[in-house]
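Structure, as structure tokens:
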Amino acid sequence: MEKTWNNKAWFMVLPVLVLVAFSAVIPLMTVVNYSVQDTFGNNEFFWAGTDWFTDVLHSDRFWDALTRNLIFSAIILAIEIPLGILIALNMPKKGLGVPVCLVLMSLPLLIPWNVVGTIWQVFGRVDIGLLGYTLAALGINYNYVNNVFDAWVTLIVMDIWHWTSLVVLLCYAGLVSIPDAYYQAAKIDGASRWSVFRYIQLPKMKRVLLIAFLLRFMDSFMIYTEPFVVTGGGPGNATTFLSIDLVKTAIGQFDLGPAAALSIIYFLIILLLSWIFYTVMTTSDAQK
Amino acid sequence: MNTATQLSGRNLSWIVPTLYILFLLLPIYWLVNMSFKTNTEITGTFSLYPHAPTLRNYAVIFTDPSWYKGYINSIIYVVMNTVISVSVALPAAYAFSRYRFLGDKHLFFWLLTNRMAPPAVFALPFFQLYSAFGLIDTHIAVALAHCLFNVPLAVWILEGFMSGVPKEIDETAYIDGYSFPRFFLRIYIPLIASGIGVAAFFNFMFSWVELLIARTLTTTDAKPIAAIMTRTVSASGMDWGVLAAAGVLTIIPGAIVIYFVRNYIAKGFALGRV
């Protein structure tokens, strides 16, 4: 769409700007402030320069948490995106099935995150949970509290349970916007199921897939509440992701300097990765 | 006959969504099942359905103000946040979808970066900021704090919907002598009603499910239900039944909202660029 150049549009953006400045810029400046200072209590602060940043970047704890987080995000993206597409493709397009599917599938999205954690914590327990009990009855040695592998599987299955619906809803929205004439044309041309998907449905879903991919990446990279409730970061540190580590440092140990430095590094990583994804995907979009 | 369904292989395609929905409902069923059991039944025997159904767990919640106030608190700040987010996002989204102005693209990306900000980063500075204003333990504090990620999201969604409305409509209205506010309220907002529905839905959702910030900013008077739930651990052990009942009750407001916007979701997503 042709847009007119009009600097007065700034006035319309102003309320958003003020609000976001209040809720984002001021807190962020506090973080920056802490990250370059040291304190011995009594509200006395000393200039610490880049010491905290060097400390964080040289600590194994940070790199381990970062690696765990990246692996987690990669796994859930690799499962949720294809699975979401598959489910969206098979959803009914009209009739009573549509609202039923939409309502039931949206349910996990609207459950508070710690309740999601609670649901899976209970569900996986060997003594009182359906999943844990069934696995134990089948003779499978499953225990998400002590076993690293089981803890990871539980968290991944929980995330798939929690978030695949978002991918489904977005893909479905992309799919229903395809006019029926496209399919009829494909049918006349004798197009295979695969080429209909490859040349009609996938291009139409590209934009929503970008959104789904970005949202899922960002949220899985910031995951805190669910693993905190289910595993508490354990066994050992096996599921201590960046956010859990950060909250431990900031609120648990009250090490403001390192926590602030970690916050900034963390935020910058998310920004950088999201910007790369965004640019790569929009450029490939523009080339078409 | 719909050609799309014909192409996707007849009559078998329902299996995939059905299996998926079954997978979604199983853990929820288990929670509901537990919420109707006594603690002795939960820990003592393993049963697929409550053998001696009891409403005791729900009674505990509905008779104790410290429990049910949690629900009221959560709903108050979520609604406040949704109203604030959507109303400030509307003019901004209009500006982004209709005009080019100095720094518009940078501004848009900067807004989105706030959606990417990890709540864990903001928990502590938020606490200090709202303490300075004396707003700790008020609903408005949580509502404003949640604007951090909800306003950018609302702008993003609404901008998509607004770009789908042809610009000729604006121009025709101006020629017909409509002033901007009147045009915006009377003609434009009804046109993008589904977009507003979708944006409000997402804002409600992300504010309702967020706990880290909500818990940090509240102590008693505005404490969200999700934070109150952690109380069920007591000296005598875990009160599983009440925990399950409280969990079930947190699912209900979400379910109601989904039910109301179900047509908006189905139609709305398709209309906009989203």
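Going through the structure tokens in order, the chains are called A, B, and so on, while each chain numbers its residues from 1 and the ligands are numbered from 1 in the order shown.
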Proximal residues of chain A relative to chain B (only C-alpha atoms; 7 Å) as a ChimeraX atom specification: /A:3-7,9,12-13,15-16,20,23-24,27,30-31,87,90-91,99,102-105,107,110-115,119,123,128,161,173-174,176-177,183-184,193,208,218,222,243,246-247,263,267,270-271
Could you pull out the residues in range 30-265 of chain A that DSSP calls helix (DSSP H, G or I) from the backbone, as a VMD selection string? chain A and resid 30 to 35 51 to 57 60 to 89 97 to 110 113 to 124 130 to 137 148 to 176 180 to 188 193 to 221 225 to 230 242 to 252 256 to 265
For Thr249 in chain A, find every residue with an atom within 8 Å (counting only C-alpha atoms), except residues of its own chain fewer than 5 positions away, and show them as a list in words.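 In the requested format, the answer is Phe254, Asp255, Leu256, Pro258 and Ala259 of chain A.
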I want to know what sits within 9 Å of Gly241 in chain B, based on only C-alpha atoms, with residues of the same chain fewer than 4 positions away left out; could you give that as a JSON list (two decimals) with N, CA and C atoms, in the first residue's frame?
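Saved as result_34.json:
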[["chain", "number", "residue", "atom", "x", "y", "z"],
["B", 34, "MET", "N", -8.46, -35.18, 39.68],
["B", 34, "MET", "CA", -7.90, -35.03, 41.03],
["B", 34, "MET", "C", -8.68, -34.04, 41.88],
["B", 35, "SER", "N", -9.21, -33.00, 41.20],
["B", 35, "SER", "CA", -9.86, -31.94, 41.96],
["B", 35, "SER", "C", -11.15, -32.43, 42.62],
["B", 36, "PHE", "N", -11.70, -33.56, 42.14],
["B", 36, "PHE", "CA", -12.93, -34.09, 42.74],
["B", 36, "PHE", "C", -12.66, -35.24, 43.70],
["B", 37, "LYS", "N", -11.39, -35.47, 44.00],
["B", 37, "LYS", "CA", -11.04, -36.58, 44.89],
["B", 37, "LYS", "C", -10.64, -36.04, 46.26],
["B", 38, "THR", "N", -10.72, -36.90, 47.25],
["B", 38, "THR", "CA", -10.16, -36.54, 48.55],
["B", 38, "THR", "C", -8.67, -36.84, 48.52],
["B", 39, "ASN", "N", -7.94, -36.22, 49.43],
["B", 39, "ASN", "CA", -6.50, -36.44, 49.43],
["B", 39, "ASN", "C", -6.12, -37.89, 49.68],
["B", 42, "ILE", "N", -6.40, -39.61, 46.41],
["B", 42, "ILE", "CA", -5.33, -39.24, 45.48],
["B", 42, "ILE", "C", -4.05, -39.99, 45.79],
["B", 56, "ARG", "N", -15.37, -30.88, 48.27],
["B", 56, "ARG", "CA", -14.68, -30.27, 49.40],
["B", 56, "ARG", "C", -13.56, -29.31, 48.94],
["B", 57, "ASN", "N", -12.79, -29.74, 47.93],
["B", 57, "ASN", "CA", -11.66, -28.91, 47.48],
["B", 57, "ASN", "C", -12.14, -27.56, 46.96],
["B", 58, "TYR", "N", -13.25, -27.59, 46.20],
["B", 58, "TYR", "CA", -13.79, -26.33, 45.68],
["B", 58, "TYR", "C", -14.38, -25.50, 46.80],
["B", 245, "ALA", "N", -7.96, -28.29, 42.35],
["B", 245, "ALA", "CA", -9.17, -27.48, 42.18],
["B", 245, "ALA", "C", -8.81, -26.05, 41.80],
["B", 246, "ALA", "N", -7.79, -25.50, 42.47],
["B", 246, "ALA", "CA", -7.35, -24.14, 42.14],
["B", 246, "ALA", "C", -6.86, -24.07, 40.70]]
Residue with smallest distance to Ser165 in chain A - pool A:Ser106, A:Thr279, A:Thr67, A:Gln37, counting only C-alpha atoms: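 Closest to Ser165 in chain A, using only C-alpha atoms: A:Ser106.
With CA of Ile196 in chain B on one side and CA of Ile157 in chain B on the other, the separation reads 8.5 Å.
When only C-alpha atoms are used to compute distances to Glu226 in chain A, the closest of the residues A:Leu89, A:Ile156, A:Ala65, A:Val148 turns out to be A:Ile156.
In this model, the gap between CA of Ser74 in chain B and CA of Phe228 in chain A comes to 21.0 Å.
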For Pro179 in chain A, which residue out of A:Ile160, A:Ile244, A:Ile200, A:Leu272 is the nearest one, using only C-alpha atoms?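 Residue with the minimum atom-to-atom distance to Pro179 in chain A: A:Ile200.
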Given only C-alpha atoms as the basis, pick out the residue of A:Ala136, A:Phe221, A:Leu130, A:Met158 nearest to Ile71 in chain A.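 Selected residue with least distance to Ile71 in chain A: A:Phe221.
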Would you mind reading off the distance between CA of Ala214 in chain B and CA of Gly70 in chain B, one decimal, in Å?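 The value is 11.7 Å.
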Can you tell me which residues surround Thr239 in chain A at a distance of at most 12 Å, considering only C-alpha atoms, apart from same-chain residues fewer than 4 positions away, and format the answer as a count of residues only? 37
